[in-house]
Amino acid sequence: MVKILSNNILSVEDLHVVFKTYLGTVHALNGVYLEVGRGEAVGLVGETGCGKSTLGLSIVRLLDESAEIVRGKIFFNNESILEKSTDEMREIRMKYISLIFQDPTAALNPVYRVGDQIVEALQMSKGLKKVEAIEESAKILSMLGIPESKKVMEQYPHELSGGMRQRVMIAIALSKNPLLLIADEPTSNLDVTIQAQILELISELRRNTRMSLLLITHDMGIVAQVCEKVAVMYAGQVIEFGPVRAVFKNPIHPYTRGLLKVANLIGEKSRLESIQGTIPDLRHLPPGCLFSSRCPHSFSKCVQIRPYSILVDNHRSVACWLVEDKVRYCL
Amino acid sequence: MGLLYYILKRIFFGILVIFGVLTLTFLITKIIPQNPVAVWLGLEGMQYPELVKQVTELWKLDRPIWEQYIYYVGNVLRGDFGRSSWSRGPVIADLAARFPATVELSIFAFLIAMSIAIPTGILSAVYRDKPIDHFSRILSVVGISGPSFWWGIIFLYIFYLQLGFAGSGRIGEGMSPPITVTGFYLIDSLIEGRLDKFIDVLSHIFLPALTLGIGATGFTSRLTRSALLEVLRKDYIKTARMKGLRERVVIYRHALRNALIAPVTYMGLLFGSMLGGSVFVETVFTWRGMGQYIVTAIFASDYPALLATTLVIAIIYSVANIIVDLLYTVIDPRVRVG
């Protein structure tokens, strides 16, 4: 079999994930397409419940037991993630992909000293001896701007501030020099000043390491600051994807436009706006475009057929019937 | 410094609780409309007013209640619990003979319960909704549902009557109890160097201990299962998995220690309730312990014996809770401060 090696570190194709709950089957991801190039930073934005985190966890196959990947493909480093055995997957998690969570308090084990938690990661990913790993963790922590890193390593997570905890989390994530870092709202739980520091830290590390970044957030400002590309998610689909500057300057999908307006990044800076309506019930998806019920421009086709991602130029794609006349290639 | 302060605080509150129990039981015996003098002297003795007056004065029952209370507390602090109106000996001597029997039984029951409950709880959580989970669930429900004396009778019927396994009592009929050092037959028989006695004692303690622990086993198993399942959903478990750790390491190193916090809380109460529950089990297995003693004391309206055993059980409860609190600080560093 001939494999076409792409330049992407990660590509997700037509990914469908459902959650089996007592109240019915929730369609969390409904055909996600996403690409992250090597060394690239992609922002994944969308409102709460649109499937951002589910997508992040699907990539490392750490979804809860109630979740099921129904269809689709995930390629990491040109290898199919969904066909990996448990042990192969363990190795990928051990050496190549890192994950940072929204709440560092919940992401660190409360009963172990933070030093031990970093050391454990280093022992796994780099096969270091304990003594070496201790030295190395101290080094990583000082690199992350933690003074007296040896002292911090002796402490338990509850004895540290939120910002410090997130730095420890980042230290664990970076200890393996990952090819891909998935950061799920890494700053939402932190003060604004700490938030800026953490983001600056992540950007700097990326410049130094060629690490790719998938940054999950609902904050458009952070995306503009950190990422080169942006993927806008709505109801379990990436509805618009492209370079940050192009998308923010000229959003095509009505939802993206609404989102940017809400974020006050485009249009006249006036009173707070919101997008009318709510996301559809993910248990009973309508046949047409999932945004059609809230879309000011929807027409009959929108309600009947779900739009697929359409490439509008070489770099951008949009899932919207409004741009069908501009179609060049279909995905 | 912090830890020592914490321990001292716990002990202080433990003493307060014991004192409260002491006061309450004293008051309850004052409320019960029964004359301890009559219990002591019997119908015949009551016919001699001189004798009644003498005993009443000896026990200071003619004094105001607060004076009686101070007298009683003073005696208790000196280790004098009075004489049992049933055995006629000092209560403290009766207790010294019976207390180790109950504690030995309870500890053994506790160990059996935990060594069954925690592994089945873990297996249940790890293989959730698999056959092994269903199996342990059924066992747990059956264990919790059956009252302990009923289990005792069933076990005696199956193991003793049908299979000829060791019967009731603490030691076989042909054997003499080991020389008393600790009062625990298991330990004393080893000190004496009699392995045959040890095995005999072990076979005798097994059934009552299993009976006593069976409800706790089911409950703790379920508790461990649900606590572990909850912990396994936490982000730090995902963090651990993202390190590429083996599933076994994720569960035993990262999940279990967090999951055991809830069961440990319960274990303190459990041990106390085993001492209470031993009332039934000791009766069924004719185990000469405190449970049997307390039943006899109740029927004989034996106030000094009742007061003393209640106090002893309260002390054990408090000590068990202090131990649990200390275990907390070992398991969970977040408790260590304050």
# chains A, B, ... in the order shown; residues from 1 in each chain; ligands from 1

$ interface_residues --of "chain A" --to "chain B" --cutoff "6 Å" --atoms "only C-alpha atoms" --output "number ranges by chain"
A: 90-91, 93-94, 106-109, 111, 121

$ select_by_dssp --residues "region 116-307 of chain A" --states "helix (DSSP H, G or I)" --output "VMD selection string"
chain A and resid 116 to 126 130 to 143 149 to 153 157 to 159 162 to 174 192 to 209 220 to 226 244 to 249 254 to 262 292 to 294 300 to 304

$ closest_residue --among "A:Gly31, A:Pro296, A:Gly277, A:Gly37" --to "Glu228 (chain A)" --atoms "only C-alpha atoms"
A:Gly37

$ residues_around --residues "region 167-170 of chain B" --least-positions-apart "2" --cutoff "7 Å" --atoms "only C-alpha atoms" --output "list in words"
Tyr160, Phe165, Val201, His204, Ile205, Phe285, Thr286 and Trp287 of chain B

$ residues_around --residues "region 319-322 of chain A" --least-positions-apart "2" --cutoff "10 Å" --atoms "only C-alpha atoms" --output "VMD selection string"
chain A and resid 237 to 241 252 to 255 289 291 to 292 297 to 299 301 to 302 305 to 312 317 324 to 327

$ residues_around --residues "Val264 (chain B)" --least-positions-apart "3" --cutoff "12 Å" --atoms "only C-alpha atoms" --output "PyMOL selection string"
chain B and resi 114+118+220-221+223-224+227+256-261+267-271+320-332

$ residues_around --residues "region 196-212 of chain A" --least-positions-apart "2" --cutoff "10 Å" --atoms "only C-alpha atoms" --output "number ranges by chain"
A: 8-10, 36-42, 96-97, 143-145, 163-164, 166-167, 170, 174, 177-183, 186-187, 190-194, 214-215, 222, 225-227

$ write_last_selection --atoms "N, CA and C atoms" --output "compact mmCIF listing (two decimals), in the first residue's frame"
# COMPACT_ATOMS: atom_id res chain seq x y z
N ASN A 8 1.34 17.21 7.28
CA ASN A 8 0.57 17.49 8.49
C ASN A 8 0.99 16.57 9.63
N ILE A 9 1.08 17.14 10.80
CA ILE A 9 1.34 16.30 11.97
C ILE A 9 0.05 15.61 12.38
N LEU A 10 -1.06 16.32 12.15
CA LEU A 10 -2.36 15.77 12.54
C LEU A 10 -3.38 16.06 11.46
N VAL A 36 -3.55 19.97 11.14
CA VAL A 36 -2.54 20.76 11.84
C VAL A 36 -1.20 20.46 11.20
N GLY A 37 -0.59 21.48 10.62
CA GLY A 37 0.71 21.29 9.97
C GLY A 37 1.82 21.16 10.98
N ARG A 38 2.99 20.65 10.52
CA ARG A 38 4.14 20.54 11.43
C ARG A 38 4.58 21.92 11.88
N GLY A 39 4.72 22.07 13.16
CA GLY A 39 5.17 23.35 13.72
C GLY A 39 4.10 24.42 13.73
N GLU A 40 2.91 24.05 13.33
CA GLU A 40 1.85 25.05 13.20
C GLU A 40 1.02 25.13 14.49
N ALA A 41 0.41 26.30 14.71
CA ALA A 41 -0.51 26.44 15.84
C ALA A 41 -1.91 26.67 15.30
N VAL A 42 -2.80 25.80 15.67
CA VAL A 42 -4.19 25.92 15.21
C VAL A 42 -5.08 26.17 16.42
N TYR A 96 4.89 11.35 22.19
CA TYR A 96 4.69 12.29 21.09
C TYR A 96 3.59 13.33 21.28
N ILE A 97 2.57 13.01 22.04
CA ILE A 97 1.48 13.98 22.20
C ILE A 97 1.34 14.34 23.68
N MET A 143 13.15 26.86 33.70
CA MET A 143 12.95 27.37 32.35
C MET A 143 11.55 27.98 32.22
N LEU A 144 10.58 27.42 32.96
CA LEU A 144 9.22 27.94 32.90
C LEU A 144 9.03 29.13 33.84
N GLY A 145 10.13 29.63 34.36
CA GLY A 145 10.05 30.84 35.17
C GLY A 145 9.64 30.59 36.60
N GLY A 163 -1.65 29.63 38.86
CA GLY A 163 -0.67 29.85 37.80
C GLY A 163 0.50 28.88 37.90
N MET A 164 0.95 28.66 39.14
CA MET A 164 2.06 27.73 39.38
C MET A 164 1.65 26.32 38.98
N GLN A 166 -0.54 25.44 36.78
CA GLN A 166 -0.59 25.30 35.33
C GLN A 166 0.83 25.21 34.76
N ARG A 167 1.78 25.90 35.37
CA ARG A 167 3.16 25.77 34.93
C ARG A 167 3.67 24.35 35.16
N ILE A 170 2.27 22.30 32.51
CA ILE A 170 3.01 22.52 31.27
C ILE A 170 4.35 21.79 31.32
N LEU A 174 5.56 19.22 28.62
CA LEU A 174 6.73 19.47 27.79
C LEU A 174 7.87 18.52 28.05
N ASN A 177 9.08 16.57 25.16
CA ASN A 177 9.29 17.27 23.88
C ASN A 177 8.30 16.78 22.84
N PRO A 178 7.03 17.05 23.04
CA PRO A 178 6.00 16.45 22.17
C PRO A 178 6.04 17.02 20.76
N LEU A 179 5.58 16.20 19.81
CA LEU A 179 5.40 16.71 18.45
C LEU A 179 4.14 17.55 18.38
N LEU A 180 3.16 17.19 19.24
CA LEU A 180 1.90 17.91 19.24
C LEU A 180 1.48 18.17 20.67
N LEU A 181 1.12 19.42 20.92
CA LEU A 181 0.57 19.76 22.23
C LEU A 181 -0.89 20.14 22.05
N ILE A 182 -1.76 19.44 22.75
CA ILE A 182 -3.17 19.80 22.73
C ILE A 182 -3.46 20.52 24.04
N ALA A 183 -3.80 21.79 23.95
CA ALA A 183 -4.05 22.58 25.15
C ALA A 183 -5.54 22.93 25.19
N PRO A 186 -6.22 26.27 28.28
CA PRO A 186 -5.19 26.22 29.33
C PRO A 186 -5.21 27.43 30.25
N THR A 187 -5.91 28.48 29.88
CA THR A 187 -5.84 29.69 30.70
C THR A 187 -7.19 30.16 31.23
N LEU A 190 -7.50 30.98 34.97
CA LEU A 190 -6.44 31.77 35.59
C LEU A 190 -6.75 33.27 35.50
N ASP A 191 -6.09 34.03 36.36
CA ASP A 191 -6.21 35.49 36.31
C ASP A 191 -5.68 36.00 34.98
N VAL A 192 -6.15 37.17 34.58
CA VAL A 192 -5.78 37.71 33.28
C VAL A 192 -4.27 37.88 33.15
N THR A 193 -3.63 38.36 34.20
CA THR A 193 -2.18 38.58 34.11
C THR A 193 -1.43 37.26 33.97
N ILE A 194 -1.86 36.28 34.76
CA ILE A 194 -1.24 34.95 34.69
C ILE A 194 -1.51 34.35 33.31
N LEU A 214 -2.39 22.49 19.15
CA LEU A 214 -3.83 22.59 18.94
C LEU A 214 -4.39 23.25 20.17
N LEU A 215 -4.78 24.50 20.03
CA LEU A 215 -5.21 25.28 21.18
C LEU A 215 -6.73 25.37 21.20
N ILE A 222 -7.31 35.18 22.20
CA ILE A 222 -6.17 34.29 22.43
C ILE A 222 -5.73 33.65 21.11
N GLN A 225 -3.75 35.94 19.11
CA GLN A 225 -2.45 36.20 19.71
C GLN A 225 -1.48 35.05 19.48
N VAL A 226 -1.97 33.82 19.53
CA VAL A 226 -1.07 32.67 19.57
C VAL A 226 -1.01 31.87 18.26
N CYS A 227 -2.14 31.82 17.52
CA CYS A 227 -2.23 30.81 16.46
C CYS A 227 -2.05 31.37 15.06

$ residues_around --residues "Arg225 (chain B)" --least-positions-apart "2" --cutoff "10 Å" --atoms "only C-alpha atoms" --output "PDB file with C-alpha atoms, in the first residue's frame"
ATOM      1  CA  ALA B 117     -13.871  -6.007  50.032  1.00  0.00           C
ATOM      2  CA  ILE B 118     -11.083  -3.860  48.650  1.00  0.00           C
ATOM      3  CA  PRO B 119      -9.848  -6.270  45.960  1.00  0.00           C
ATOM      4  CA  THR B 120     -13.396  -7.081  44.824  1.00  0.00           C
ATOM      5  CA  GLY B 121     -14.219  -3.376  44.816  1.00  0.00           C
ATOM      6  CA  ILE B 122     -11.210  -2.674  42.612  1.00  0.00           C
ATOM      7  CA  LEU B 123     -11.984  -5.552  40.257  1.00  0.00           C
ATOM      8  CA  SER B 124     -15.587  -4.419  40.058  1.00  0.00           C
ATOM      9  CA  ALA B 125     -14.579  -0.912  39.071  1.00  0.00           C
ATOM     10  CA  VAL B 126     -11.883  -1.938  36.613  1.00  0.00           C
ATOM     11  CA  ARG B 128     -17.183  -2.498  35.229  1.00  0.00           C
ATOM     12  CA  ASP B 133     -18.599  -6.914  38.460  1.00  0.00           C
ATOM     13  CA  ARG B 137     -22.405  -6.982  43.079  1.00  0.00           C
ATOM     14  CA  PHE B 219     -20.731  -2.388  51.801  1.00  0.00           C
ATOM     15  CA  THR B 220     -17.029  -1.572  51.619  1.00  0.00           C
ATOM     16  CA  SER B 221     -16.742  -3.374  48.308  1.00  0.00           C
ATOM     17  CA  ARG B 222     -19.484  -1.222  46.806  1.00  0.00           C
ATOM     18  CA  LEU B 223     -17.997   1.883  48.331  1.00  0.00           C
ATOM     19  CA  ALA B 227     -15.111   5.752  44.715  1.00  0.00           C
ATOM     20  CA  LEU B 228     -12.652   4.237  42.258  1.00  0.00           C
ATOM     21  CA  LEU B 229     -15.008   4.747  39.324  1.00  0.00           C
ATOM     22  CA  GLU B 230     -15.418   8.360  40.266  1.00  0.00           C
ATOM     23  CA  VAL B 231     -11.679   8.898  40.581  1.00  0.00           C
ATOM     24  CA  ALA B 259     -10.292   6.366  45.926  1.00  0.00           C
ATOM     25  CA  LEU B 260      -9.546   4.908  49.359  1.00  0.00           C
ATOM     26  CA  PRO B 263     -13.739   3.748  52.429  1.00  0.00           C
TER      27      PRO B 263
END

$ closest_residue --among "A:Ser175, A:Ser6, A:Thr54, A:Thr217" --to "Asn189 (chain A)" --atoms "only C-alpha atoms"
A:Thr217

$ closest_residue --among "B:Thr56, B:Ser85, B:Thr102, B:Asn75" --to "Val312 (chain B)" --atoms "only C-alpha atoms"
B:Thr102

$ closest_residue --among "B:Gln47, B:Thr25, B:Ser140, B:Ser115" --to "Val73 (chain B)" --atoms "only C-alpha atoms"
B:Thr25

$ closest_residue --among "A:Lys52, A:His16, A:Lys84, A:His218" --to "Ile69 (chain A)" --atoms "only C-alpha atoms"
A:His16

$ closest_residue --among "A:Gly72, A:Gly56, A:Gly288, A:Pro157" --to "Asp116 (chain A)" --atoms "only C-alpha atoms"
A:Pro157

$ select_by_dssp --residues "region 108-223 of chain A" --states "strand (DSSP E)" --output "PyMOL selection string"
chain A and resi 180-184+212-217

$ write_last_selection --atoms "N, CA and C atoms" --output "compact mmCIF listing (two decimals), in the first residue's frame"
# COMPACT_ATOMS: atom_id res chain seq x y z
N LEU A 180 3.16 17.19 19.24
CA LEU A 180 1.90 17.91 19.24
C LEU A 180 1.48 18.17 20.67
N LEU A 181 1.12 19.42 20.92
CA LEU A 181 0.57 19.76 22.23
C LEU A 181 -0.89 20.14 22.05
N ILE A 182 -1.76 19.44 22.75
CA ILE A 182 -3.17 19.80 22.73
C ILE A 182 -3.46 20.52 24.04
N ALA A 183 -3.80 21.79 23.95
CA ALA A 183 -4.05 22.58 25.15
C ALA A 183 -5.54 22.93 25.19
N ASP A 184 -6.25 22.32 26.15
CA ASP A 184 -7.69 22.52 26.24
C ASP A 184 -7.98 23.65 27.22
N SER A 212 3.99 21.37 17.34
CA SER A 212 2.70 21.83 16.82
C SER A 212 1.74 22.01 17.99
N LEU A 213 0.78 22.90 17.79
CA LEU A 213 -0.12 23.22 18.89
C LEU A 213 -1.57 23.20 18.42
N LEU A 214 -2.39 22.49 19.15
CA LEU A 214 -3.83 22.59 18.94
C LEU A 214 -4.39 23.25 20.17
N LEU A 215 -4.78 24.50 20.03
CA LEU A 215 -5.21 25.28 21.18
C LEU A 215 -6.73 25.37 21.20
N ILE A 216 -7.32 24.72 22.17
CA ILE A 216 -8.77 24.74 22.29
C ILE A 216 -9.17 25.91 23.19
N THR A 217 -10.04 26.74 22.71
CA THR A 217 -10.42 27.91 23.52
C THR A 217 -11.76 28.46 23.03
